[in-house]
Amino acid sequence: MQLLGYEAFFFYMFAFAALITGVFTVSSRNPVHCALFLISTLVSIAGMFLLLGAEFIAGSQILVYVGGVMVLFLFVVMLVKVREEEVGAFSRQTTLGVIVAGLVAIGILGSVYTAQRSGFFKVKSENALVESKADPYSPAGKISTNTETFGADLYTRGALPFEIASVILLVAIVGAVMLARDRKQEEKYP
Amino acid sequence: MPLLNILGYPTIYETFAILPELLLVLFGCAALVLDVLLPRERKELTAYFCLAGIGTALLALWQVFETNRIRLPFTVFYGMIAVDGFSLTLRLVALVAAALAIAMAVKYLDVEEEQHGEYYALILFATSGMMFLSSGVDFITLYVGLELMALSVYVLVGYLKWNVQFHEKRGEKSSEAALKYFLMGAFSSAILLFGFSIIFGLTGTTNVEQVAGLLPGLFKANMLTTTGDARLMAIMGIALVAAGLFFKIAAVPFHMWAPDAYEGAPTSVTAFMSVGPKAASYAMLARIFLVAFAPLRVTGDPQIPGWAVMFGVVAALTMTVGNVAAVTQQNAKRLMAYSSISHAGFILLGFVAGNEMGYAGAVFYLMAYTVMNLGAFGVLLSLRSEERVGDKLDDLNGLYQKQPALALMMLVCLLSLAGIPGTGGFMGKFYLFGGLIQAGNKWMNILAVVAALNVVISLYYYARFIKAMFTGKEKEEAPVTLSPPLHATIVLTVILVLVMGLYPQPFSQLSRFAVERLGPPTPPQAAQK
């Protein structure tokens, strides 16, 4: 897969932005900064989705994560008054963690590299394992049908998992209330 | 039926296939409401209500089997859910485990003064998640079912938060266990999803059977020249999926969370999570590795070993580490955690064997393990009283003098866990070892020997329980009292353990019915482990 022109420019821009802000998210010690960096990571990833032609996912990523989830994070962080993380809180197993994470990273990069070098990502013939559909980028003047396809899939194949996910949300609500309530409140409201 | 399905939408008949799950969710929601309506002293009625819900779901499951008997197996909801022997059997196991776990918990929660309807509702939700795991044949359904199950269990582990009346430390421990379990579980889910995304990227589908059809193409020599070499990526994806699932079943080296979570959780939750979610995770493992990745069990390429080798190594490690660590434990729940890790290793042997006997053995062992482990935990639960925490090994001291019948029932469960002939555990191990030896491969024979050695180690620490019960000097005068539901549960599990050991035919038939469609046709030449 060769990236050309503006595509390459935006891809590298978003990719580096996502990586760098991702590193800052885990390394910064002020929780508010962490949340803000996470927001920029998510926005960069939304940009990558746009490049892939997945406009709907890009939009919902920004609406749901940045607009909803992260604002909630910030509220919680501000209300609970989290102290700054102490240095070296996890120092005991850091070395081991770094080694394992490094090995996994090398493995993933290596496997992608071999696939790339042998031309797996270039294939467009009928032999291709993955039937590459028509050009995902809508030609100029036409409206992309990605969102339509997405919606059709969500309401047919995705319907059952979607409904199960609603039960998950119910469990999350019940669980949060259960874990957060204490004896005193219980005696007041039986 | 096809008449009604002209439009290609799921019909009411298709919805009927997931009726047991729907009923569980409905009863769970109703239990949440019922809990609010009931006065403080009558909260335990929710437990009986939920038991009724599980009974209804069992009836519905029987109806699903009965009405579809001729057209098994088939899939519904656009290939998301399979109705076949495997899903029906594993759903049955999940329901039985949930029913026994609820019946055991009633008295225990009274003693802990934590009798709430949410507890039982969450068990029902977790059970419906387990049932979706057993019947899902699509990565998406499987993952969503897994999260439903896991999320409910995280909350249940942290259930004892504010119990300061008896042991201040206990509430703290429960929260700590819940947090550890949650972090580990979320982390492993992320790894699992990463693996799924790589497999999806390679094959363009999330359906397990379509993945099974497309994945071997990557490993064919003539495909390498035309499509490029993506074998390493496929292996990476499979390894990540395996790592995520090994976390869920607590196989070594991904077992660290289990002892802490088992020890900190309320005992009734430990009993439930050591059998139900474990069996369901095995169902997911089987669905993914014995269907989706089945063609790669053995690749035939000497340079690239199939996943059978990885499973063999993990099984040997899991059995050995679990058993050796269990030997020195003083806390009964922690000991049972390590014992459950070693049992996870035994069940993996069935996956390594790769023949019908091995697969059927794994299912049989899951059934036997469910009842015998619940029986042993039932006895541990009965030790809990106002004066006693009941999770030390010493708390069992003198049980034979206080409650001879209870001690004998515990003895049966322990002997079954160790695998003594005449019990369900023995028959399970018999099938698993038989599967390995039937495969007739040098490495598998070695694995069988390792497993047999592990049985000996496990006998040692189960004997510590027995020694404490029969010869130990009792330190506390507090009597052991059994509530009727707990008593009935323990008696039922013991009967099931004995029936499985002495008359295993119905159960082995059931497990054979379950694995009819799993796995690849046995290759003519056994795996080159």
# chains A, B, ... in the order shown; residues from 1 in each chain; ligands from 1
>>> interface_residues(of="chain B", to="chain A", cutoff="6 Å", atoms="only C-alpha atoms", output="list in words")
Tyr78, Thr141, Leu148, Val155, Thr203, Gly204, Thr227, Gly228, Asp229, Ala230, Leu232 and Met233 of chain B
>>> atom_distance(atom1="CA of Ser342 in chain B", atom2="CA of Ala243 in chain B")
17.2 Å
>>> select_by_dssp(residues="range 305-528 of chain B", states="helix (DSSP H, G or I)", output="PyMOL selection string")
chain B and resi 307-327+332-353+356-383+393-396+399-402+404-418+424-439+442-471+484-502+505-515
>>> select_by_dssp(residues="range 147-395 of chain B", states="strand (DSSP E or B)", output="list in words")
Asn207, Asn331, Ser385, Arg388 and Lys392 of chain B
>>> residues_around(residues="range 48-59 of chain A", least_positions_apart="6", cutoff="10 Å", atoms="only C-alpha atoms", output="PyMOL selection string")
chain A and resi 7-8+10-15+18+42+65+135-138+144-148+150-151
>>> closest_residue(among="A:Val71, A:Met78, A:Val43, A:Ala101", to="Thr21 in chain A", atoms="only C-alpha atoms")
A:Val43
>>> residues_around(residues="range 56-64 of chain B", least_positions_apart="5", cutoff="8 Å", atoms="only C-alpha atoms", output="PDB file with N, CA and C atoms, in the first residue's frame")
ATOM      1  N   PHE B  16     -36.793 -17.497  19.120  1.00  0.00           N
ATOM      2  CA  PHE B  16     -37.063 -18.605  20.019  1.00  0.00           C
ATOM      3  C   PHE B  16     -35.769 -19.332  20.405  1.00  0.00           C
ATOM      4  N   ALA B  17     -34.768 -19.330  19.494  1.00  0.00           N
ATOM      5  CA  ALA B  17     -33.523 -20.043  19.774  1.00  0.00           C
ATOM      6  C   ALA B  17     -32.749 -19.425  20.926  1.00  0.00           C
ATOM      7  N   LEU B  19     -34.355 -17.979  23.494  1.00  0.00           N
ATOM      8  CA  LEU B  19     -35.347 -17.761  24.545  1.00  0.00           C
ATOM      9  C   LEU B  19     -34.763 -17.925  25.958  1.00  0.00           C
ATOM     10  N   PRO B  20     -33.928 -18.948  26.219  1.00  0.00           N
ATOM     11  CA  PRO B  20     -33.396 -19.075  27.587  1.00  0.00           C
ATOM     12  C   PRO B  20     -32.652 -17.822  28.033  1.00  0.00           C
ATOM     13  N   GLU B  21     -31.824 -17.259  27.135  1.00  0.00           N
ATOM     14  CA  GLU B  21     -31.078 -16.056  27.486  1.00  0.00           C
ATOM     15  C   GLU B  21     -32.024 -14.894  27.755  1.00  0.00           C
ATOM     16  N   LEU B  23     -35.084 -15.021  28.730  1.00  0.00           N
ATOM     17  CA  LEU B  23     -35.783 -15.214  30.004  1.00  0.00           C
ATOM     18  C   LEU B  23     -34.889 -14.821  31.170  1.00  0.00           C
ATOM     19  N   LEU B  24     -33.606 -15.189  31.081  1.00  0.00           N
ATOM     20  CA  LEU B  24     -32.697 -14.843  32.180  1.00  0.00           C
ATOM     21  C   LEU B  24     -32.608 -13.334  32.350  1.00  0.00           C
ATOM     22  N   LEU B  88     -25.968 -26.223  23.123  1.00  0.00           N
ATOM     23  CA  LEU B  88     -27.011 -26.689  24.042  1.00  0.00           C
ATOM     24  C   LEU B  88     -26.390 -27.261  25.309  1.00  0.00           C
ATOM     25  N   LEU B  92     -26.530 -25.677  29.136  1.00  0.00           N
ATOM     26  CA  LEU B  92     -27.037 -26.460  30.266  1.00  0.00           C
ATOM     27  C   LEU B  92     -26.077 -26.358  31.447  1.00  0.00           C
ATOM     28  N   LEU B  95     -26.372 -23.004  33.133  1.00  0.00           N
ATOM     29  CA  LEU B  95     -27.585 -22.854  33.946  1.00  0.00           C
ATOM     30  C   LEU B  95     -27.474 -23.629  35.249  1.00  0.00           C
TER      31      LEU B  95
END
>>> residues_around(residues="Leu459 in chain B", least_positions_apart="4", cutoff="10 Å", atoms="only C-alpha atoms", output="compact mmCIF listing (two decimals) with N, CA and C atoms, in the first residue's frame")
# COMPACT_ATOMS: atom_id res chain seq x y z
N ASN B 323 -0.38 -26.80 40.57
CA ASN B 323 -0.31 -27.81 41.63
C ASN B 323 0.79 -27.52 42.62
N VAL B 327 0.42 -26.50 46.93
CA VAL B 327 0.87 -27.35 48.04
C VAL B 327 1.09 -26.56 49.31
N LEU B 414 -13.55 -33.98 47.22
CA LEU B 414 -12.10 -33.84 47.14
C LEU B 414 -11.49 -35.00 46.37
N LEU B 415 -11.98 -36.23 46.65
CA LEU B 415 -11.44 -37.38 45.93
C LEU B 415 -11.72 -37.24 44.44
N LEU B 417 -12.01 -34.36 42.83
CA LEU B 417 -11.09 -33.34 42.31
C LEU B 417 -9.72 -33.96 42.07
N ALA B 418 -9.32 -34.87 42.97
CA ALA B 418 -8.02 -35.50 42.80
C ALA B 418 -8.05 -36.54 41.70
N GLY B 419 -9.23 -37.10 41.42
CA GLY B 419 -9.33 -38.08 40.34
C GLY B 419 -9.21 -39.51 40.81
N ILE B 420 -9.92 -39.86 41.87
CA ILE B 420 -9.91 -41.23 42.38
C ILE B 420 -11.03 -42.01 41.68
N ASN B 454 1.08 -34.97 37.86
CA ASN B 454 0.38 -33.86 38.50
C ASN B 454 -0.80 -34.35 39.33
N VAL B 455 -1.42 -35.44 38.90
CA VAL B 455 -2.51 -36.00 39.69
C VAL B 455 -1.99 -36.38 41.07
N ALA B 463 -5.35 -34.12 50.19
CA ALA B 463 -5.26 -34.90 51.41
C ALA B 463 -5.11 -34.00 52.63
N ARG B 464 -4.56 -32.80 52.44
CA ARG B 464 -4.44 -31.88 53.58
C ARG B 464 -5.82 -31.49 54.09
>>> atom_distance(atom1="CA of Lys442 in chain B", atom2="CA of Val314 in chain B")
17.4 Å
>>> residues_around(residues="Gln438 in chain B", least_positions_apart="2", cutoff="9 Å", atoms="only C-alpha atoms", output="MDAnalysis selection string")
chainID B and resid 353 355 357:358 433:436 440:441
>>> residues_around(residues="Met310 in chain B", least_positions_apart="3", cutoff="10 Å", atoms="only C-alpha atoms", output="list in words")
Ala239, Ala242, Arg297, Pro305, Gly306, Trp307, Val313, Val314, Ala315, Val352 and Lys529 of chain B
>>> atom_distance(atom1="CA of Tyr365 in chain B", atom2="CA of Leu502 in chain B")
14.7 Å
>>> closest_residue(among="B:Tyr120, B:Phe346, B:Phe289, B:Pro266", to="Gly312 in chain B", atoms="only C-alpha atoms")
B:Phe346
>>> closest_residue(among="B:Thr481, B:Ser458, B:Ser134, B:Gln403", to="Thr328 in chain B", atoms="only C-alpha atoms")
B:Ser458
